[in-house]
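work-v5.pdb follows; it contains PDB, C-alpha atoms.
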```pdb
ATOM      1  CA  MET O   1     -77.103  94.929  92.733
ATOM      2  CA  GLN O   2     -74.418  92.324  93.269
ATOM      3  CA  ARG O   3     -71.236  93.524  91.538
ATOM      4  CA  ARG O   4     -69.272  90.240  91.859
ATOM      5  CA  LYS O   5     -68.729  87.473  89.296
ATOM      6  CA  GLY O   6     -65.916  85.562  91.014
ATOM      7  CA  CYS O   7     -63.683  86.304  93.991
ATOM      8  CA  GLY O   8     -60.313  85.287  95.385
ATOM      9  CA  TYR O   9     -57.868  86.445  98.039
ATOM     10  CA  SER O  10     -54.277  87.656  97.885
ATOM     11  CA  THR O  11     -52.490  87.343 101.226
ATOM     12  CA  HIS O  12     -48.914  88.001 100.169
ATOM     13  CA  ARG O  13     -46.732  90.050 102.494
ATOM     14  CA  ILE O  14     -45.677  93.599 101.599
ATOM     15  CA  GLY O  15     -42.326  95.040 102.645
ATOM     16  CA  SER O  16     -39.982  97.899 101.820
ATOM     17  CA  LEU O  17     -37.156  98.127  99.304
ATOM     18  CA  PRO O  18     -34.403 100.743  99.247
ATOM     19  CA  TRP O  19     -34.888 103.258  96.424
ATOM     20  CA  SER O  20     -32.422 106.036  95.730
ATOM     21  CA  CYS O  21     -35.035 108.561  94.525
ATOM     22  CA  ARG O  22     -37.317 108.456  97.565
ATOM     23  CA  GLY O  23     -35.507 106.444 100.234
ATOM     24  CA  THR O  24     -37.797 103.406 100.350
ATOM     25  CA  LEU O  25     -40.476 101.878  98.169
ATOM     26  CA  CYS O  26     -42.993  99.165  98.966
ATOM     27  CA  GLY O  27     -42.643  95.864  97.177
ATOM     28  CA  MET O  28     -43.662  92.232  97.423
ATOM     29  CA  PHE O  29     -41.801  89.883  99.704
ATOM     30  CA  LEU O  30     -42.982  86.363 100.459
ATOM     31  CA  SER O  31     -40.930  85.780 103.622
ATOM     32  CA  SER O  32     -40.542  89.260 105.073
ATOM     33  CA  GLY O  33     -42.675  92.367 105.240
ATOM     34  CA  LYS O  34     -46.028  92.869 106.918
ATOM     35  CA  PRO O  35     -49.125  90.711 106.408
ATOM     36  CA  ALA O  36     -51.617  92.081 103.884
ATOM     37  CA  MET O  37     -54.905  90.693 102.608
ATOM     38  CA  SER O  38     -56.970  91.802  99.615
ATOM     39  CA  LYS O  39     -60.230  90.287  98.392
ATOM     40  CA  VAL O  40     -60.400  90.601  94.602
ATOM     41  CA  CYS O  41     -63.718  90.120  92.784
ATOM     42  CA  VAL O  42     -64.094  90.077  89.006
ATOM     43  CA  LEU O  43     -66.880  92.386  87.851
ATOM     44  CA  GLU O  44     -66.422  92.302  84.093
ATOM     45  CA  ARG O  45     -63.933  90.884  81.609
ATOM     46  CA  LEU O  46     -63.064  93.126  78.669
ATOM     47  CA  ALA O  47     -61.474  90.598  76.313
ATOM     48  CA  HIS O  48     -61.211  93.045  73.400
ATOM     49  CA  GLN O  49     -58.981  95.296  75.582
ATOM     50  CA  ASN O  50     -57.244  92.464  77.480
ATOM     51  CA  GLN O  51     -58.503  94.045  80.719
ATOM     52  CA  THR O  52     -60.629  92.999  83.679
ATOM     53  CA  LEU O  53     -62.688  95.310  85.869
ATOM     54  CA  VAL O  54     -62.330  94.218  89.503
ATOM     55  CA  GLN O  55     -63.544  95.262  92.925
ATOM     56  CA  VAL O  56     -60.918  95.035  95.671
ATOM     57  CA  GLU O  57     -61.637  95.002  99.385
ATOM     58  CA  ILE O  58     -58.538  95.505 101.512
ATOM     59  CA  HIS O  59     -58.342  94.028 104.996
ATOM     60  CA  SER O  60     -55.045  95.562 106.089
ATOM     61  CA  GLY O  61     -54.102  98.819 104.358
ATOM     62  CA  ARG O  62     -50.440  98.614 103.370
ATOM     63  CA  PRO O  63     -48.990 101.260 101.038
ATOM     64  CA  HIS O  64     -49.716 100.408  97.394
ATOM     65  CA  GLN O  65     -51.458  97.210  98.558
ATOM     66  CA  ILE O  66     -53.970  96.997  95.712
ATOM     67  CA  ARG O  67     -51.361  97.748  93.046
ATOM     68  CA  ILE O  68     -48.883  95.237  94.474
ATOM     69  CA  HIS O  69     -51.378  92.420  95.024
ATOM     70  CA  LEU O  70     -52.916  92.755  91.556
ATOM     71  CA  ALA O  71     -49.464  92.861  89.939
ATOM     72  CA  TYR O  72     -48.363  89.873  92.003
ATOM     73  CA  ILE O  73     -51.243  87.720  90.736
ATOM     74  CA  GLY O  74     -50.460  88.704  87.139
ATOM     75  CA  HIS O  75     -52.966  91.533  86.662
ATOM     76  CA  PRO O  76     -51.184  94.877  87.179
ATOM     77  CA  LEU O  77     -53.169  98.095  86.893
ATOM     78  CA  VAL O  78     -53.536  99.378  83.343
ATOM     79  CA  ASP O  79     -50.386 101.350  82.470
ATOM     80  CA  ASP O  80     -49.017 101.208  86.028
ATOM     81  CA  PRO O  81     -45.525 102.664  85.620
ATOM     82  CA  LEU O  82     -44.283 101.305  88.936
ATOM     83  CA  TYR O  83     -45.318  97.661  89.539
ATOM     84  CA  CYS O  84     -44.937  94.789  87.093
ATOM     85  CA  ILE O  85     -46.222  91.217  87.093
ATOM     86  CA  GLY O  86     -44.909  89.592  90.260
ATOM     87  CA  GLY O  87     -45.514  92.681  92.426
ATOM     88  CA  GLN O  88     -41.987  94.073  92.253
ATOM     89  CA  PRO O  89     -41.238  97.699  91.350
ATOM     90  CA  LYS O  90     -40.026  98.480  87.821
ATOM     91  CA  PHE O  91     -36.971 100.522  88.827
ATOM     92  CA  HIS O  92     -35.650 100.661  85.274
ATOM     93  CA  ASP O  93     -38.894 102.047  83.758
ATOM     94  CA  LEU O  94     -39.457 104.978  86.122
ATOM     95  CA  GLU O  95     -38.035 107.507  83.662
ATOM     96  CA  SER O  96     -40.632 106.727  80.976
ATOM     97  CA  THR O  97     -41.777 109.763  79.031
ATOM     98  CA  SER O  98     -44.752 108.202  77.271
ATOM     99  CA  THR O  99     -48.213 109.619  77.861
ATOM    100  CA  ASP O 100     -51.676 108.263  77.295
ATOM    101  CA  ILE O 101     -54.563 110.669  76.774
ATOM    102  CA  SER O 102     -57.044 108.030  77.976
ATOM    103  CA  PHE O 103     -56.025 108.917  81.523
ATOM    104  CA  ALA O 104     -58.009 112.138  81.214
ATOM    105  CA  TYR O 105     -61.075 109.919  80.754
ATOM    106  CA  ASP O 106     -60.837 108.477  84.291
ATOM    107  CA  GLY O 107     -61.877 111.691  86.005
ATOM    108  CA  GLY O 108     -59.581 114.360  84.675
ATOM    109  CA  TYR O 109     -56.141 113.094  85.606
ATOM    110  CA  GLU O 110     -53.455 112.831  82.989
ATOM    111  CA  ARG O 111     -50.518 110.469  83.312
ATOM    112  CA  PRO O 112     -47.372 112.357  84.369
ATOM    113  CA  LEU O 113     -44.439 112.462  81.958
ATOM    114  CA  GLN O 114     -42.099 110.957  84.572
ATOM    115  CA  PRO O 115     -44.333 108.974  86.948
ATOM    116  CA  VAL O 116     -43.322 108.304  90.534
ATOM    117  CA  PRO O 117     -45.211 106.800  93.502
ATOM    118  CA  GLY O 118     -48.136 108.955  94.557
ATOM    119  CA  ASP O 119     -48.983 110.297  91.111
ATOM    120  CA  CYS O 120     -52.588 110.384  89.921
ATOM    121  CA  GLY O 121     -53.917 108.770  86.782
ATOM    122  CA  TYR O 122     -54.391 105.146  87.811
ATOM    123  CA  HIS O 123     -57.769 103.510  87.440
ATOM    124  CA  LEU O 124     -58.381 103.275  91.201
ATOM    125  CA  HIS O 125     -61.347 104.680  93.100
ATOM    126  CA  ALA O 126     -62.503 104.374  96.724
ATOM    127  CA  HIS O 127     -66.173 103.704  95.969
ATOM    128  CA  TRP O 128     -67.101 103.150  99.591
ATOM    129  CA  LEU O 129     -65.406 103.287 102.940
ATOM    130  CA  VAL O 130     -66.701 101.925 106.230
ATOM    131  CA  LEU O 131     -65.178 103.166 109.459
ATOM    132  CA  SER O 132     -65.905 103.745 113.109
ATOM    133  CA  HIS O 133     -66.441 107.398 114.051
ATOM    134  CA  PRO O 134     -63.543 108.422 116.313
ATOM    135  CA  THR O 135     -65.694 109.954 119.075
ATOM    136  CA  THR O 136     -69.098 108.240 118.834
ATOM    137  CA  ASN O 137     -67.865 104.809 117.650
ATOM    138  CA  LYS O 138     -70.874 104.779 115.304
ATOM    139  CA  MET O 139     -70.191 102.878 112.059
ATOM    140  CA  LEU O 140     -70.137 105.202 109.065
ATOM    141  CA  LYS O 141     -70.374 104.235 105.415
ATOM    142  CA  ILE O 142     -69.170 106.837 102.950
ATOM    143  CA  THR O 143     -69.972 106.291  99.268
ATOM    144  CA  ALA O 144     -68.544 108.120  96.246
ATOM    145  CA  PRO O 145     -69.986 107.669  92.735
ATOM    146  CA  LEU O 146     -67.990 105.511  90.370
ATOM    147  CA  PRO O 147     -66.294 107.260  87.470
ATOM    148  CA  HIS O 148     -67.595 106.144  84.081
ATOM    149  CA  ILE O 149     -64.449 104.157  83.252
ATOM    150  CA  LEU O 150     -64.886 101.988  86.369
ATOM    151  CA  GLN O 151     -68.536 101.113  85.788
ATOM    152  CA  THR O 152     -69.667  97.831  84.276
ATOM    153  CA  ARG O 153     -71.561  97.948  80.959
ATOM    154  CA  GLU O 154     -74.787  97.362  82.880
ATOM    155  CA  GLU O 155     -74.089 100.256  85.273
ATOM    156  CA  ARG O 156     -73.299 102.620  82.387
ATOM    157  CA  CYS O 157     -76.595 101.742  80.639
ATOM    158  CA  ASP O 158     -78.868 101.808  83.698
ATOM    159  CA  PRO O 159     -78.568 104.892  85.915
ATOM    160  CA  GLN O 160     -80.920 103.263  88.445
ATOM    161  CA  VAL O 161     -78.506 100.400  89.225
ATOM    162  CA  ASP O 162     -77.452 100.539  92.875
ATOM    163  CA  THR O 163     -73.680 100.299  93.123
TER     164      THR O 163
END
```
Represent the structure from my file as structure tokens, please.
Amino acid sequence: MQRRKGCGYSTHRIGSLPWSCRGTLCGMFLSSGKPAMSKVCVLERLAHQNQTLVQVEIHSGRPHQIRIHLAYIGHPLVDDPLYCIGGQPKFHDLESTSTDISFAYDGGYERPLQPVPGDCGYHLHAHWLVLSHPTTNKMLKITAPLPHILQTREERCDPQVDT
């Protein structure tokens, strides 16, 4: 099955910012930082929730690349406590104490009371990974089933759909 409805690329550079709690933090820079490229494909628009399910293919692998690129283009991850629209970190909001029980629905992770980089609970999943075996150089494709919350309506209704 083809999971794509429309695709685009984000090629904005990603660099580091000083952060007193952890030393440095990745953030969006247009003139400095390292090159990064993400291909973003819309899978399903959920207008009633003001959300869009997307598939992202990264071509570089910078820290927080998916979160930063999606925030930069105006579509931050649902309830991301760290990156806001524009791709910059939300330094002032990092002490939030709000919780959302829906995070348990994404595979068992609950949102931390005081989120920091590296916490679980975001709606991200490495569905498949392709890499070259380090000794045989054979191409390997590793696939992990999608959690329910990251499946399209069609995938949730038809267990035979090949994702």
Name the residues within 8 Å of (-63.5, 104.0, 105.1), counting only C-alpha atoms in the file's coordinates, and put them as a PyMOL selection string.
chain O and resi 128-131+140-142
Using the selection just defined, write its residues with C-alpha atoms as a compact mmCIF listing (two decimals), in the frame of the given file.
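The new file again01.txt reads:
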```txt
# COMPACT_ATOMS: atom_id res chain seq x y z
CA TRP O 128 -67.10 103.15 99.59
CA LEU O 129 -65.41 103.29 102.94
CA VAL O 130 -66.70 101.92 106.23
CA LEU O 131 -65.18 103.17 109.46
CA LEU O 140 -70.14 105.20 109.06
CA LYS O 141 -70.37 104.24 105.42
CA ILE O 142 -69.17 106.84 102.95
```
Hey, can you check how far atom CA of Pro134 of chain O sits from atom CA of His59 of chain O?
19.0 Å
Atom CA of Leu53 of chain O to atom CA of Ile68 of chain O, distance in Å rounded to a single decimal:
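For atom CA of Leu53 of chain O relative to atom CA of Ile68 of chain O, the distance reads 16.3 Å.
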So how many Å separate atom CA of Leu70 of chain O and atom CA of Met139 of chain O, to one decimal?
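Distance between the two atoms: 28.7 Å.
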Quick one: residues within 12 Å of Arg67 of chain O, only C-alpha atoms counted, chain neighbours fewer than 5 positions away excluded, as a PyMOL selection string?
chain O and resi 10+14+26-28+38+40+56+58+61-62+72-89+117-118+122-124
Taking the file above as input, evaluate the PyMOL selection byres ((chain O and resi 33) around 6) and report the hits as a ChimeraX atom specification.
/O:13-15,32,34
If you take every atom of segment 64-79 of chain O that the file lists and fit an axis-aligned box around them with 8 Å extra on each side, what centre and edge lengths come out in Å to one decimal, as AutoDock Vina command-line options?
```
--center_x -51.2 --center_y 94.5 --center_z 90.5 --size_x 21.6 --size_y 29.6 --size_z 32.1
```
Among O:Ala144, O:Ala126, O:Cys7, O:Cys157, Leu43 of chain O is approached most closely, using all atoms listed in the file, by O:Cys7
Just checking: using only C-alpha atoms, which residue out of O:Tyr9, O:Pro63, O:His127, O:Arg156 ends up closest to Cys41 of chain O?
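Selected residue with least distance to Cys41 of chain O: O:Tyr9.
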Let me make sure I understand: among O:His12, O:Pro147, O:Gly6, O:Glu154, which one has the smallest atom-to-atom distance to Gln55 of chain O if we use all atoms listed in the file?
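Looking at the shortest contact to Gln55 of chain O, the residue is O:Gly6.
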Compare O:Gln65, O:His125, O:Thr152, O:His133 by their minimum atom-to-atom distance to Val42 of chain O, counting only C-alpha atoms, and give me the closest one.
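When distances to Val42 of chain O are compared using only C-alpha atoms, the smallest one comes from O:Thr152.
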